[in-house]
$ cat my_file10.txt   # compact mmCIF, C-alpha atoms and all ligand atoms
# COMPACT_ATOMS: atom_id res chain seq x y z
CA MET A 1 3.35 11.75 -0.20
CA SER A 2 5.38 14.62 1.13
CA GLU A 3 6.72 14.23 4.65
CA ILE A 4 5.27 16.40 7.37
CA VAL A 5 7.63 19.00 8.82
CA TYR A 6 7.41 21.51 11.64
CA LEU A 7 8.28 25.14 11.09
CA ASN A 8 7.90 27.84 13.75
CA GLY A 9 4.85 26.45 15.50
CA GLU A 10 3.09 24.71 12.61
CA PHE A 11 3.07 21.29 11.01
CA MET A 12 2.82 21.19 7.23
CA PRO A 13 3.86 19.13 4.17
CA ALA A 14 7.58 19.65 3.45
CA ASP A 15 6.92 21.14 0.03
CA GLU A 16 4.77 23.86 1.57
CA ALA A 17 7.31 24.96 4.18
CA ARG A 18 8.95 28.35 3.44
CA ILE A 19 11.57 30.44 5.20
CA PRO A 20 12.36 34.08 4.42
CA VAL A 21 15.51 34.61 2.34
CA LEU A 22 17.01 36.75 5.10
CA ASP A 23 16.98 33.90 7.59
CA ARG A 24 20.48 33.91 9.06
CA GLY A 25 20.61 30.15 8.66
CA PHE A 26 20.38 30.71 4.90
CA ILE A 27 22.58 33.83 4.76
CA PHE A 28 25.34 32.90 7.24
CA GLY A 29 24.80 29.26 8.22
CA ASP A 30 24.06 30.84 11.61
CA GLY A 31 22.35 28.01 13.43
CA VAL A 32 22.75 24.61 15.03
CA TYR A 33 21.13 21.22 14.53
CA GLU A 34 20.67 17.70 15.80
CA VAL A 35 19.97 14.34 14.18
CA ILE A 36 18.15 11.89 16.42
CA PRO A 37 17.66 8.24 15.42
CA VAL A 38 14.23 6.79 16.18
CA TYR A 39 13.80 3.04 16.58
CA SER A 40 10.28 1.55 16.73
CA GLN A 41 8.93 5.11 16.95
CA ARG A 42 11.06 5.83 20.04
CA PRO A 43 13.80 8.43 19.95
CA PHE A 44 17.18 7.02 21.01
CA ARG A 45 19.17 8.90 23.69
CA LEU A 46 16.85 11.90 23.50
CA VAL A 47 18.14 13.50 26.70
CA GLU A 48 21.72 13.31 25.45
CA HIS A 49 20.72 14.87 22.11
CA PHE A 50 18.96 17.72 23.91
CA GLN A 51 21.99 18.24 26.15
CA ARG A 52 24.23 18.51 23.09
CA LEU A 53 21.74 20.86 21.43
CA GLN A 54 21.85 23.09 24.51
CA ARG A 55 25.67 23.09 24.47
CA SER A 56 25.66 24.05 20.77
CA LEU A 57 23.11 26.82 21.37
CA ASP A 58 25.11 28.14 24.33
CA ALA A 59 28.32 28.09 22.29
CA VAL A 60 26.81 30.27 19.54
CA ARG A 61 24.73 32.37 21.96
CA ILE A 62 21.26 31.50 20.64
CA ALA A 63 18.62 31.22 23.36
CA ASN A 64 16.85 27.86 23.36
CA PRO A 65 13.42 28.68 21.91
CA LEU A 66 11.66 25.69 23.52
CA SER A 67 11.62 24.07 26.95
CA GLY A 68 12.64 20.43 27.44
CA PRO A 69 9.02 19.16 27.58
CA GLU A 70 8.13 21.26 24.50
CA TRP A 71 10.99 19.67 22.58
CA VAL A 72 9.93 16.18 23.69
CA ARG A 73 6.33 16.75 22.58
CA LEU A 74 7.49 18.18 19.28
CA ILE A 75 9.76 15.21 18.53
CA GLU A 76 7.01 12.76 19.50
CA GLU A 77 4.55 14.53 17.25
CA ILE A 78 6.82 14.74 14.21
CA VAL A 79 7.52 10.99 14.57
CA ALA A 80 3.80 10.21 14.89
CA ARG A 81 2.96 12.32 11.84
CA ASN A 82 5.51 10.61 9.59
CA PRO A 83 5.43 7.02 8.33
CA GLY A 84 7.77 4.30 9.49
CA GLU A 85 8.90 2.65 12.68
CA ASP A 86 12.53 3.70 12.34
CA GLN A 87 13.08 7.33 11.51
CA SER A 88 15.77 9.98 11.58
CA VAL A 89 14.63 13.26 13.10
CA TYR A 90 16.47 16.38 11.98
CA LEU A 91 16.01 19.58 13.96
CA GLN A 92 17.50 22.97 13.33
CA VAL A 93 17.47 26.26 15.22
CA THR A 94 18.75 29.40 13.52
CA ARG A 95 19.24 32.92 14.88
CA GLY A 96 16.22 33.98 12.82
CA VAL A 97 15.41 36.59 10.19
CA ALA A 98 17.13 40.00 10.18
CA LYS A 99 18.70 42.59 7.87
CA ARG A 100 22.01 41.16 6.70
CA ASP A 101 24.70 42.12 9.19
CA HIS A 102 27.30 39.82 10.68
CA ALA A 103 26.67 41.11 14.22
CA PHE A 104 23.75 39.54 16.07
CA PRO A 105 20.36 41.19 15.52
CA LYS A 106 18.80 42.65 18.66
CA ASP A 107 15.26 41.35 18.25
CA ALA A 108 15.24 38.39 15.85
CA LYS A 109 13.16 35.38 16.78
CA GLN A 110 14.78 31.97 16.35
CA THR A 111 13.64 29.83 13.42
CA VAL A 112 12.78 26.29 14.50
CA PHE A 113 12.57 23.60 11.85
CA VAL A 114 12.07 19.86 12.38
CA MET A 115 11.65 17.05 9.86
CA SER A 116 11.75 13.28 9.99
CA GLY A 117 12.49 10.74 7.29
CA PRO A 118 13.20 7.02 7.15
CA LEU A 119 16.27 5.99 9.14
CA SER A 120 18.68 4.35 6.78
CA THR A 121 21.33 2.36 8.62
CA PRO A 122 24.05 0.35 6.80
CA GLY A 123 22.78 -2.80 5.09
CA PRO A 124 24.15 -6.33 5.60
CA ASP A 125 26.68 -5.93 2.77
CA LYS A 126 28.43 -2.96 4.40
CA ILE A 127 28.35 -4.62 7.81
CA GLU A 128 29.81 -7.83 6.37
CA HIS A 129 32.48 -6.28 4.15
CA GLY A 130 33.16 -2.86 5.65
CA VAL A 131 33.63 0.33 3.65
CA ALA A 132 36.40 2.31 2.01
CA ALA A 133 37.74 5.52 3.55
CA VAL A 134 40.40 8.02 2.52
CA THR A 135 42.56 10.21 4.70
CA THR A 136 42.50 13.96 4.36
CA THR A 137 43.65 17.04 6.21
CA ASP A 138 41.08 18.39 8.64
CA TYR A 139 40.83 22.02 7.56
CA ARG A 140 37.66 22.86 9.48
CA TRP A 141 37.42 25.57 12.12
CA LEU A 142 38.44 25.14 15.75
CA ARG A 143 34.93 24.66 17.18
CA CYS A 144 34.11 21.27 15.69
CA ASP A 145 32.42 20.43 19.02
CA VAL A 146 29.53 22.72 17.98
CA LYS A 147 26.90 20.99 15.84
CA SER A 148 26.64 23.98 13.53
CA VAL A 149 24.66 24.08 10.27
CA SER A 150 27.72 25.77 8.69
CA LEU A 151 28.75 22.52 7.05
CA LEU A 152 30.51 23.69 3.88
CA ALA A 153 33.85 22.17 4.90
CA ASN A 154 32.12 18.90 5.84
CA CYS A 155 30.34 18.85 2.45
CA LEU A 156 33.63 19.42 0.59
CA LEU A 157 35.29 16.72 2.65
CA ARG A 158 32.50 14.21 2.05
CA GLN A 159 32.61 14.93 -1.67
CA HIS A 160 36.36 14.27 -1.55
CA ALA A 161 35.49 10.80 -0.25
CA VAL A 162 32.79 10.28 -2.89
CA ASP A 163 35.16 11.37 -5.67
CA ALA A 164 37.64 8.77 -4.42
CA GLY A 165 34.94 6.08 -4.44
CA ALA A 166 34.94 5.98 -0.64
CA GLU A 167 32.27 6.18 2.03
CA GLU A 168 33.94 8.66 4.34
CA VAL A 169 37.09 10.64 5.04
CA VAL A 170 39.32 9.94 8.00
CA MET A 171 40.64 13.34 8.95
CA LEU A 172 44.03 14.18 10.39
CA ARG A 173 44.87 17.47 12.02
CA ASP A 174 48.50 18.28 12.86
CA GLY A 175 49.33 14.59 12.46
CA TYR A 176 46.59 13.27 14.74
CA LEU A 177 43.23 11.59 14.07
CA SER A 178 40.20 13.83 14.46
CA GLU A 179 37.03 12.30 12.91
CA GLY A 180 35.04 11.79 9.69
CA SER A 181 32.98 14.39 7.81
CA SER A 182 29.85 13.17 9.61
CA SER A 183 31.09 10.44 11.93
CA ASN A 184 33.52 9.74 14.74
CA VAL A 185 36.44 7.40 14.14
CA PHE A 186 37.81 4.72 16.47
CA ALA A 187 40.89 2.53 16.06
CA VAL A 188 41.72 -0.90 17.48
CA ARG A 189 45.34 -1.87 18.07
CA ASN A 190 46.44 -5.06 19.83
CA GLY A 191 42.99 -5.55 21.32
CA VAL A 192 42.79 -2.00 22.71
CA LEU A 193 40.09 0.41 21.55
CA LEU A 194 41.58 3.85 20.85
CA ALA A 195 39.33 6.93 20.82
CA PRO A 196 40.34 10.54 20.16
CA PRO A 197 39.40 12.72 23.15
CA LYS A 198 36.21 14.78 23.06
CA ASN A 199 37.56 18.28 22.69
CA HIS A 200 37.03 21.29 20.38
CA LEU A 201 38.40 19.33 17.41
CA VAL A 202 35.64 16.73 17.17
CA LEU A 203 31.88 16.53 17.49
CA PRO A 204 31.02 14.76 20.74
CA GLY A 205 29.06 11.93 19.14
CA ILE A 206 26.14 10.39 20.98
CA THR A 207 27.12 7.06 19.38
CA TYR A 208 30.76 7.63 20.49
CA ASP A 209 29.52 7.65 24.09
CA VAL A 210 27.44 4.52 23.55
CA ILE A 211 30.50 2.72 22.15
CA LEU A 212 32.62 3.70 25.17
CA GLU A 213 29.86 2.53 27.53
CA LEU A 214 29.60 -0.80 25.70
CA ALA A 215 33.40 -1.15 25.76
CA ALA A 216 33.34 -0.65 29.55
CA ALA A 217 30.46 -3.13 29.94
CA THR A 218 32.30 -5.78 27.92
CA ARG A 219 35.66 -5.02 29.59
CA LEU A 220 37.26 -4.07 26.32
CA PRO A 221 40.43 -2.12 27.14
CA VAL A 222 40.07 1.52 26.05
CA GLU A 223 42.49 4.40 25.69
CA VAL A 224 41.00 7.84 25.11
CA ARG A 225 43.94 9.84 23.83
CA GLU A 226 45.39 11.56 20.81
CA ILE A 227 46.06 9.02 18.05
CA PRO A 228 49.01 9.79 15.77
CA GLU A 229 48.73 9.17 12.04
CA ALA A 230 51.13 6.18 12.22
CA GLU A 231 48.76 4.43 14.64
CA VAL A 232 45.82 5.12 12.36
CA ARG A 233 47.65 3.67 9.37
CA GLY A 234 48.89 0.70 11.39
CA ALA A 235 45.55 -0.01 13.11
CA ASP A 236 44.18 -3.56 13.19
CA GLU A 237 40.69 -2.10 12.85
CA LEU A 238 39.13 1.29 12.16
CA TRP A 239 35.47 2.08 12.79
CA LEU A 240 33.10 4.87 11.89
CA THR A 241 30.29 5.69 14.29
CA SER A 242 27.26 7.95 14.00
CA SER A 243 23.54 7.97 14.65
CA THR A 244 22.83 6.76 11.12
CA LYS A 245 25.93 4.58 10.54
CA GLU A 246 25.73 3.10 14.05
CA VAL A 247 29.12 1.32 14.01
CA LEU A 248 30.69 0.45 10.70
CA ALA A 249 34.11 -1.05 9.92
CA ILE A 250 36.54 0.61 7.53
CA ALA A 251 37.95 -2.14 5.29
CA THR A 252 40.39 -0.04 3.30
CA LEU A 253 42.14 3.25 4.02
CA ASP A 254 43.59 5.05 1.01
CA GLY A 255 43.14 1.82 -0.92
CA LYS A 256 45.19 -0.27 1.52
CA PRO A 257 43.60 -2.96 3.68
CA VAL A 258 42.94 -2.09 7.32
CA GLY A 259 44.21 -5.15 9.23
CA SER A 260 43.03 -8.16 7.25
CA GLY A 261 40.94 -5.93 4.98
CA ARG A 262 37.78 -7.39 6.51
CA PRO A 263 35.80 -6.14 9.51
CA GLY A 264 37.70 -7.39 12.54
CA GLU A 265 36.74 -9.46 15.56
CA VAL A 266 36.42 -6.53 17.92
CA PHE A 267 34.12 -4.79 15.44
CA ARG A 268 31.92 -7.88 15.18
CA MET A 269 31.63 -8.03 18.95
CA MET A 270 30.84 -4.31 19.21
CA HIS A 271 28.35 -4.37 16.35
CA GLY A 272 26.51 -7.25 18.03
CA GLU A 273 26.58 -5.49 21.41
CA PHE A 274 25.23 -2.32 19.81
CA GLN A 275 22.26 -4.17 18.30
CA ILE A 276 21.49 -5.93 21.61
CA PHE A 277 21.79 -2.63 23.51
CA LYS A 278 19.48 -0.84 21.08
CA ARG A 279 16.80 -3.49 21.45
CA LYS A 280 17.14 -3.46 25.25
CA VAL A 281 16.81 0.32 25.44
CA MET A 282 13.79 0.31 23.15
CA ARG A 283 12.09 -2.44 25.16
CA ALA A 284 12.70 -0.50 28.37
CA ALA A 285 11.16 2.61 26.81
CA ALA A 286 8.05 0.69 25.68
C1 LIG B 1 31.31 15.73 12.24
C2 LIG B 1 30.56 14.66 12.95
N1 LIG B 1 31.21 13.89 13.83
C3 LIG B 1 30.59 12.89 14.49
C4 LIG B 1 29.24 12.62 14.28
C5 LIG B 1 28.57 11.49 15.02
O1 LIG B 1 27.66 11.98 15.99
P1 LIG B 1 26.41 11.11 16.46
O2 LIG B 1 26.95 9.82 16.96
O3 LIG B 1 25.80 11.93 17.54
O4 LIG B 1 25.53 10.95 15.27
C6 LIG B 1 28.52 13.41 13.38
C7 LIG B 1 27.09 13.15 13.16
O5 LIG B 1 26.45 13.70 12.30
C8 LIG B 1 29.19 14.46 12.71
O6 LIG B 1 28.54 15.25 11.82
$ encode --input "my_file10.txt" --output "structure tokens" --more "lines below"
Ligand SMILES: Cc1ncc(COP(=O)(O)O)c(C=O)c1O
Amino acid sequence: MSEIVYLNGEFMPADEARIPVLDRGFIFGDGVYEVIPVYSQRPFRLVEHFQRLQRSLDAVRIANPLSGPEWVRLIEEIVARNPGEDQSVYLQVTRGVAKRDHAFPKDAKQTVFVMSGPLSTPGPDKIEHGVAAVTTTDYRWLRCDVKSVSLLANCLLRQHAVDAGAEEVVMLRDGYLSEGSSSNVFAVRNGVLLAPPKNHLVLPGITYDVILELAAATRLPVEVREIPEAEVRGADELWLTSSTKEVLAIATLDGKPVGSGRPGEVFRMMHGEFQIFKRKVMRAAA
């Protein structure tokens, strides 16, 4: 059965959805998106995802085509129309259809597309053993804070990881840690959680914020600051975080063990806290 998607005001099976070839999302990657995890049919941190969507839209000067309540209803409906308790909602807004010209069209109407599929979080094996990552230079543009659908660099970077038999890249820009191709990266050194600052060089992850909140709640010492390459390579623990990875330990970096080469103690604590927090939030929303 094909999943049900939403396109410009209508729900339909995914294989029936069509966009015109001159959509600027297709021609230029001129659009923004969000990925929202849904647990037990309830979207997680919806307000925060909408706030980030608004910031992305503002940054690329696309007017938000829907109001807050319209977005909420739409997300609820797409979740209800698709199977599964835990889902991953993908939404995309592009600048719309217009004659090909780099400059913004005067009267194009935004294209709004939403789909939802099963949420696939890391299985017990990855949680238990961690994953491999490889370092690479971050050669993306200087607005990585915008959740843009122009993801060619991220695709190339992820493929670099896949070609190396790894799960993700750990990117370095000018000698400092930035993030992964589709995840934020944290380090732990001497019991202190290190997080790169949220600036134009990283996507402000919704999960990143959850991790910092949980760190504060559990009195884990945190330093939000630039992290030089030497500290990445010498870290006791490295973690990836994202809406679909949740929090995942990196066991090897460039083939060398991170710390003991097994997910560390601080990771185990944080992973447990994350699961408890998720369940608490979902119960409160029920
Ligand atoms: C480049 C990048 N960084 C970080 C993240 C993590 O963000 P979130 O926790 O909101 O999923 C993502 C998520 O897709 C991403 O693409």
$ closest_atom_pairs --input "my_file10.txt" --of "region 186-215 of chain A" --to "region 276-286 of chain A" --cutoff "12 Å" --atoms "only C-alpha atoms" --output "JSON lines"
{"residue": "A:Thr207", "atom": "CA", "partner": "A:Lys278", "partner_atom": "CA", "distance": 11.1}
{"residue": "A:Val210", "atom": "CA", "partner": "A:Phe277", "partner_atom": "CA", "distance": 9.1}
{"residue": "A:Ile211", "atom": "CA", "partner": "A:Phe277", "partner_atom": "CA", "distance": 10.3}
{"residue": "A:Glu213", "atom": "CA", "partner": "A:Phe277", "partner_atom": "CA", "distance": 10.4}
{"residue": "A:Leu214", "atom": "CA", "partner": "A:Phe277", "partner_atom": "CA", "distance": 8.3}
{"residue": "A:Ala215", "atom": "CA", "partner": "A:Phe277", "partner_atom": "CA", "distance": 11.9}
$ residues_around --input "my_file10.txt" --residues "Ser120 (chain A)" --least-positions-apart "5" --cutoff "8 Å" --atoms "all atoms listed in the file" --output "list in words"
Gln87, Ser88 and Thr244 of chain A
$ closest_atom_pairs --input "my_file10.txt" --of "chain A" --to "ligand LIG 1 (chain B)" --cutoff "7 Å" --atoms "all atoms listed in the file" --output "JSON lines"
{"residue": "A:Val35", "atom": "CA", "partner": "B:LIG1", "partner_atom": "O4", "distance": 6.6}
{"residue": "A:Glu179", "atom": "CA", "partner": "B:LIG1", "partner_atom": "N1", "distance": 6.1}
{"residue": "A:Gly180", "atom": "CA", "partner": "B:LIG1", "partner_atom": "C1", "distance": 6.0}
{"residue": "A:Ser181", "atom": "CA", "partner": "B:LIG1", "partner_atom": "C1", "distance": 4.9}
{"residue": "A:Ser182", "atom": "CA", "partner": "B:LIG1", "partner_atom": "O6", "distance": 3.3}
{"residue": "A:Ser183", "atom": "CA", "partner": "B:LIG1", "partner_atom": "C3", "distance": 3.6}
{"residue": "A:Asn184", "atom": "CA", "partner": "B:LIG1", "partner_atom": "C3", "distance": 4.3}
{"residue": "A:Val202", "atom": "CA", "partner": "B:LIG1", "partner_atom": "N1", "distance": 6.2}
{"residue": "A:Leu203", "atom": "CA", "partner": "B:LIG1", "partner_atom": "N1", "distance": 4.6}
{"residue": "A:Pro204", "atom": "CA", "partner": "B:LIG1", "partner_atom": "O1", "distance": 6.4}
{"residue": "A:Gly205", "atom": "CA", "partner": "B:LIG1", "partner_atom": "O1", "distance": 3.4}
{"residue": "A:Ile206", "atom": "CA", "partner": "B:LIG1", "partner_atom": "O3", "distance": 3.8}
{"residue": "A:Thr207", "atom": "CA", "partner": "B:LIG1", "partner_atom": "O2", "distance": 3.7}
{"residue": "A:Tyr208", "atom": "CA", "partner": "B:LIG1", "partner_atom": "O2", "distance": 5.6}
{"residue": "A:Thr241", "atom": "CA", "partner": "B:LIG1", "partner_atom": "O2", "distance": 5.9}
{"residue": "A:Ser242", "atom": "CA", "partner": "B:LIG1", "partner_atom": "O2", "distance": 3.5}
{"residue": "A:Ser243", "atom": "CA", "partner": "B:LIG1", "partner_atom": "O4", "distance": 3.6}
{"residue": "A:Thr244", "atom": "CA", "partner": "B:LIG1", "partner_atom": "O4", "distance": 6.5}
$ atom_distance --input "my_file10.txt" --atom1 "CA of Asp254 (chain A)" --atom2 "CA of Val266 (chain A)"
21.7 Å
$ atom_distance --input "my_file10.txt" --atom1 "CA of Pro221 (chain A)" --atom2 "CA of Thr135 (chain A)"
25.7 Å
$ closest_residue --input "my_file10.txt" --among "A:Leu220, A:Leu201, A:Ala235, A:Ile19" --to "Leu7 (chain A)" --atoms "all atoms listed in the file"
A:Ile19
$ atom_distance --input "my_file10.txt" --atom1 "CA of Met171 (chain A)" --atom2 "CA of Leu119 (chain A)"
25.5 Å
$ closest_residue --input "my_file10.txt" --among "A:Val169, A:Leu46, A:Ala108, A:Val162" --to "Glu76 (chain A)" --atoms "only C-alpha atoms"
A:Leu46
$ closest_residue --input "my_file10.txt" --among "A:Met12, A:Leu57, A:Ile227, A:Met269" --to "Asn82 (chain A)" --atoms "all atoms listed in the file"
A:Met12
$ closest_residue --input "my_file10.txt" --among "A:Val258, A:Ile27, A:Leu151, A:Val170" --to "Thr136 (chain A)" --atoms "only C-alpha atoms"
A:Val170
$ closest_residue --input "my_file10.txt" --among "A:Asn190, A:Gln110, A:Gln275, A:Thr218" --to "Gly9 (chain A)" --atoms "only C-alpha atoms"
A:Gln110
$ closest_residue --input "my_file10.txt" --among "A:Gly255, A:Gly264, A:Pro37, A:Gly25" --to "Trp239 (chain A)" --atoms "only C-alpha atoms"
A:Gly264
$ residues_near_point --input "my_file10.txt" --point "(23.9, 40.7, 18.4)" --cutoff "12 Å" --atoms "all atoms listed in the file" --output "list in words"
Asp30, Val60, Arg61, Ile62, Ala63, Arg95, Gly96, Ala98, Lys99, Arg100, Asp101, His102, Ala103, Phe104, Pro105, Lys106, Asp107 and Ala108 of chain A
$ residues_near_point --input "my_file10.txt" --point "(18.3, 21.5, 10.8)" --cutoff "8 Å" --atoms "only C-alpha atoms" --output "PyMOL selection string"
chain A and resi 32-34+90-93+113-114+149
